[in-house]
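Notes follow the structure.
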There are 2 protein chains.
Amino acid sequence: MPPKNTVEILIDQFSRLPGLGPKSSRRIVLHLLKNKSLLIEPMIRGLEEVVEKVDYCGICGNLTLSNKCSICLDTKRQEDVICIVETVSDLWAIEKTGLYSGQYHVLGGVLSRFEGIGPEELKIPQLVARIEQNSIKEVILALNATVNGQTTAHFLAEEIANPRLNITSLGKGIPFGGELDYLDSGTISAALTARQNY
Amino acid sequence: MPPKNTVEILIDQFSRLPGLGPKSSRRIVLHLLKNKSLLIEPMIRGLEEVVEKVDYCGICGNLTLSNKCSICLDTKRQEDVICIVETVSDLWAIEKTGLYSGQYHVLGGVLSRFEGIGPEELKIPQLVARIEQNSIKEVILALNATVNGQTTAHFLAEEIANPRLNITSLGKGIPFGGELDYLDSGTISAALTARQNY
């Protein structure tokens with residue numbers, strides 16, 4: 001039998017990460033063991049660095065190495081637009097387009113009665129305060145097009161409703177490379193409704 | 001932009017692991033960051049433990065916490081049968097069946113001219129010596145049914161050929177749950193050739 005204590009503990013730890021099961025974790029740990037000095041030791045240092053240095057921005061919830069993140073510190077960005085996203089990776093995905101130069105607010109998840117996630121857990125009170133204090137003109141609801149994402153967007157829209165505030169959401173339709181045959185009818189209906197002149 | 005230095009380094013490290021790409025690594029690192037004390041710190045300790053304590057068995061190549069692994073130390077196991085496998089996870093897969101109680105020899109890979117992996121890299125000389133010194137009666141070639149696996153098996157069979165030695169290989173055929181429609185004709189041919197009375 002393999003030495004359960006040490007190796008199995010590490011495999012268990014990996015298998016708790018998103019997207020990894022017991023099989024892929026076993027493969028990863030065996031791969032790591034093949035070259036301790038080249039793989040495991042740098043990873044230990046990488047994890048330690050992250051524990052020490054990385055934190056969440058006190059304003060928007062992005063990752064940062066100081067108190068405020070580089071986006072909140074950037075004075076060249078538009079100050080009157082806030083884009084609301086679920087996670088930091090959603091923020092990165094939007095930044096990657098290069099099309100957006102406003103502020104962000106990372107919720108850190110979506111409302112879920114089942115998981116006991118309410119407005120406080122998502123820093124919605126802070127968002128409401130931010131919108132009031134900074135004379136925001138537009139809020140973009142860039143939540144995922146899932147049931148919970150859309151429920152949260154709906155809740156937020158009601159929470160921050162204000163005649164001076166323009167609340168928008170991302171356009172819905174066929175994704176690039178999408179084949180009608182494989183898309184659900186909800187997407188196709190949305191694309192039909194949002195059709196544009198060619 | 002996200003803090004590239006620290007977080008991106010860790011994402012890079014994860015994306016070098018088998019089965020992980022940049023996207024899944026980003027997801028994992030963001031998940032880890034959500035709970036440093038519950039996830040990252042135990043993982044650092046787990047990795048450190050493994051670096052310190054786990055090594056390869058000097059005899060068979062299995063993982064072990066001491067010089068010899070628990071299989072090589074187990075005196076109740078058959079001493080005259082060696083099962084040759086490519087990797088430690090293959091050894092675990094066979095152990096899981098509970099059907100085998102002999103010795104193992106983990107090659108740590110397969111012969112590959114392309115990757116410059118020759119007999120020395122796979123500890124084949126040690127295997128030959130082990131077979132001679134321990135009056136082995138049977139060698140089971142339990143290599144993967146891939147081109148490189150079978151080439152290696154063929155090479156090994158020639159290398160260890162000896163009239164006193166019974167060299168066997170795993171049975172070939174339809175895997176459990178296999179559907180003929182989805183199986184390649186090589187497998188079906190092998191299954192036809194290896195057919196048994198019902």
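Quick note on naming: the chains in the structure tokens go A, B, ... in the order shown, residues restart at 1 in each chain, and ligands are numbered from 1 in order of appearance.
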> DSSP says strand (DSSP E) for which residues of range 57-118 of chain A? Put them as a count of residues only?
Replying inline: 11
Please report, as a Markdown table, each residue of chain B lying at most 8 Å from chain A, together with the nearest pair of atoms and the separation in Å rounded to one decimal; use only C-alpha atoms, and order rows by chain and ascending residue number.
| residue | atom | partner | partner_atom | distance |
| --- | --- | --- | --- | --- |
| B:Met1 | CA | A:Ser70 | CA | 6.5 |
| B:Pro2 | CA | A:Leu63 | CA | 6.4 |
| B:Pro3 | CA | A:Thr64 | CA | 5.9 |
| B:Thr6 | CA | A:Val50 | CA | 6.1 |
| B:Val7 | CA | A:Val50 | CA | 6.5 |
| B:Ile9 | CA | A:Gly46 | CA | 6.9 |
| B:Leu10 | CA | A:Gly46 | CA | 5.3 |
| B:Gln13 | CA | A:Met43 | CA | 6.5 |
| B:Leu17 | CA | A:Ile28 | CA | 6.0 |
| B:Pro18 | CA | A:Ile28 | CA | 5.9 |
| B:Gly19 | CA | A:Ser24 | CA | 7.2 |
| B:Ser24 | CA | A:Gly19 | CA | 7.2 |
| B:Arg26 | CA | A:Ser89 | CA | 7.6 |
| B:Arg27 | CA | A:Pro18 | CA | 7.0 |
| B:Ile28 | CA | A:Pro18 | CA | 5.9 |
| B:Leu30 | CA | A:Val88 | CA | 7.5 |
| B:His31 | CA | A:Leu17 | CA | 7.3 |
| B:Leu32 | CA | A:Leu17 | CA | 7.7 |
| B:Leu33 | CA | A:Val51 | CA | 7.8 |
| B:Lys36 | CA | A:Val51 | CA | 6.3 |
| B:Leu39 | CA | A:Gln13 | CA | 7.8 |
| B:Ile40 | CA | A:Leu47 | CA | 6.6 |
| B:Glu41 | CA | A:Val51 | CA | 8.0 |
| B:Pro42 | CA | A:Gln13 | CA | 7.9 |
| B:Met43 | CA | A:Gln13 | CA | 6.4 |
| B:Ile44 | CA | A:Ile44 | CA | 5.6 |
| B:Gly46 | CA | A:Leu10 | CA | 5.3 |
| B:Leu47 | CA | A:Ile40 | CA | 6.6 |
| B:Glu48 | CA | A:Ile44 | CA | 7.4 |
| B:Glu49 | CA | A:Thr6 | CA | 6.6 |
| B:Val50 | CA | A:Thr6 | CA | 6.1 |
| B:Val51 | CA | A:Lys36 | CA | 6.3 |
| B:Lys53 | CA | A:Thr6 | CA | 7.8 |
| B:Val54 | CA | A:Thr6 | CA | 7.5 |
| B:Asn62 | CA | A:Pro2 | CA | 7.6 |
| B:Leu63 | CA | A:Pro2 | CA | 6.4 |
| B:Thr64 | CA | A:Pro3 | CA | 5.9 |
| B:Leu65 | CA | A:Pro3 | CA | 6.5 |
| B:Cys69 | CA | A:Pro2 | CA | 7.9 |
| B:Ser70 | CA | A:Met1 | CA | 6.4 |
| B:Ile71 | CA | A:Met1 | CA | 6.5 |
| B:Val88 | CA | A:Leu30 | CA | 7.6 |
| B:Ser89 | CA | A:Arg27 | CA | 7.5 |
| B:Trp92 | CA | A:Pro2 | CA | 7.3 |
| B:Glu95 | CA | A:Met1 | CA | 7.2 |
> Out of range 2-143 of chain A, which residues get alpha helix (DSSP H) from DSSP, as a PyMOL selection string?
Replying inline: chain A and resi 9-15+22-34+41-53+70-73+88-97+124-133
Please save C-alpha atoms of the selected residues as a PDB file, in the first residue's frame.
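Below you can see selection-v9.pdb, which holds the result:
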ATOM      1  CA  ILE A   9      -3.126  14.084   2.669  1.00  0.00           C
ATOM      2  CA  LEU A  10      -1.672  16.175  -0.140  1.00  0.00           C
ATOM      3  CA  ILE A  11      -3.834  14.404  -2.730  1.00  0.00           C
ATOM      4  CA  ASP A  12      -6.883  15.180  -0.571  1.00  0.00           C
ATOM      5  CA  GLN A  13      -5.884  18.832  -0.406  1.00  0.00           C
ATOM      6  CA  PHE A  14      -5.579  19.067  -4.169  1.00  0.00           C
ATOM      7  CA  SER A  15      -8.846  17.230  -4.757  1.00  0.00           C
ATOM      8  CA  PRO A  22      -9.207  12.342  -6.754  1.00  0.00           C
ATOM      9  CA  LYS A  23      -7.768  10.995 -10.026  1.00  0.00           C
ATOM     10  CA  SER A  24      -6.409  14.264 -11.386  1.00  0.00           C
ATOM     11  CA  SER A  25      -5.071  15.165  -7.934  1.00  0.00           C
ATOM     12  CA  ARG A  26      -3.219  11.874  -7.711  1.00  0.00           C
ATOM     13  CA  ARG A  27      -1.711  12.542 -11.130  1.00  0.00           C
ATOM     14  CA  ILE A  28      -0.639  16.037 -10.051  1.00  0.00           C
ATOM     15  CA  VAL A  29       0.918  14.899  -6.775  1.00  0.00           C
ATOM     16  CA  LEU A  30       2.839  12.086  -8.488  1.00  0.00           C
ATOM     17  CA  HIS A  31       4.045  14.602 -11.065  1.00  0.00           C
ATOM     18  CA  LEU A  32       5.144  16.993  -8.307  1.00  0.00           C
ATOM     19  CA  LEU A  33       7.010  14.170  -6.549  1.00  0.00           C
ATOM     20  CA  LYS A  34       8.990  13.437  -9.691  1.00  0.00           C
ATOM     21  CA  GLU A  41       9.808  23.999  -3.659  1.00  0.00           C
ATOM     22  CA  PRO A  42       8.972  26.897  -6.020  1.00  0.00           C
ATOM     23  CA  MET A  43       5.283  26.181  -5.426  1.00  0.00           C
ATOM     24  CA  ILE A  44       5.747  26.351  -1.654  1.00  0.00           C
ATOM     25  CA  ARG A  45       7.486  29.695  -2.072  1.00  0.00           C
ATOM     26  CA  GLY A  46       4.750  30.882  -4.465  1.00  0.00           C
ATOM     27  CA  LEU A  47       2.021  29.973  -1.995  1.00  0.00           C
ATOM     28  CA  GLU A  48       3.873  31.619   0.880  1.00  0.00           C
ATOM     29  CA  GLU A  49       4.346  34.832  -1.126  1.00  0.00           C
ATOM     30  CA  VAL A  50       0.648  34.937  -1.910  1.00  0.00           C
ATOM     31  CA  VAL A  51      -0.309  34.397   1.745  1.00  0.00           C
ATOM     32  CA  GLU A  52       1.988  37.195   2.838  1.00  0.00           C
ATOM     33  CA  LYS A  53       1.491  39.769   0.125  1.00  0.00           C
ATOM     34  CA  SER A  70      -4.118  49.332  -9.222  1.00  0.00           C
ATOM     35  CA  ILE A  71      -7.515  49.981 -10.832  1.00  0.00           C
ATOM     36  CA  CYS A  72      -8.845  52.018  -7.905  1.00  0.00           C
ATOM     37  CA  LEU A  73      -5.542  53.928  -7.748  1.00  0.00           C
ATOM     38  CA  VAL A  88     -12.035  38.582  -9.601  1.00  0.00           C
ATOM     39  CA  SER A  89     -11.646  36.363 -12.652  1.00  0.00           C
ATOM     40  CA  ASP A  90     -14.704  38.014 -14.209  1.00  0.00           C
ATOM     41  CA  LEU A  91     -12.995  41.374 -13.601  1.00  0.00           C
ATOM     42  CA  TRP A  92      -9.871  40.071 -15.351  1.00  0.00           C
ATOM     43  CA  ALA A  93     -11.966  38.797 -18.258  1.00  0.00           C
ATOM     44  CA  ILE A  94     -13.477  42.257 -18.764  1.00  0.00           C
ATOM     45  CA  GLU A  95     -10.108  44.012 -18.351  1.00  0.00           C
ATOM     46  CA  LYS A  96      -8.695  41.731 -21.036  1.00  0.00           C
ATOM     47  CA  THR A  97     -11.077  43.218 -23.632  1.00  0.00           C
ATOM     48  CA  ILE A 124     -23.943  45.133  -1.253  1.00  0.00           C
ATOM     49  CA  PRO A 125     -24.345  47.751   1.528  1.00  0.00           C
ATOM     50  CA  GLN A 126     -20.814  48.975   0.670  1.00  0.00           C
ATOM     51  CA  LEU A 127     -21.780  49.103  -3.010  1.00  0.00           C
ATOM     52  CA  VAL A 128     -24.873  51.186  -2.247  1.00  0.00           C
ATOM     53  CA  ALA A 129     -22.731  53.590  -0.174  1.00  0.00           C
ATOM     54  CA  ARG A 130     -20.117  53.761  -2.929  1.00  0.00           C
ATOM     55  CA  ILE A 131     -22.757  54.677  -5.520  1.00  0.00           C
ATOM     56  CA  GLU A 132     -24.196  57.419  -3.303  1.00  0.00           C
ATOM     57  CA  GLN A 133     -20.879  58.916  -2.228  1.00  0.00           C
TER      58      GLN A 133
END
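Of note, CA of Gly178 in chain A and CA of Leu107 in chain A are spaced 28.5 Å apart.
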>> Would you compute the distance between CA of His154 in chain B and CA of Ile84 in chain B? Give it in Å to one decimal.
In response: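 Interatomic distance, CA of His154 in chain B to CA of Ile84 in chain B: 12.4 Å.
If you count only C-alpha atoms and ignore residues fewer than 2 places along the chain from Asn144 in chain A, what sits within 12 Å of it is Ile84, Val85, Glu86, Thr87, Ser89, Asp90, Leu91, Ala93, Leu107, Gly109, Val110, Leu141, Ala142, Thr146, Val147, Asn148, Gly149, Gln150, Thr151, Thr152, Ala153, Ser169, Leu170, Gly171 and Lys172 of chain A.
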> Distance CA of Glu79 in chain B-CA of Leu99 in chain B, one decimal place?
Replying inline: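 Spanning CA of Glu79 in chain B to CA of Leu99 in chain B is a straight-line distance of 15.2 Å.
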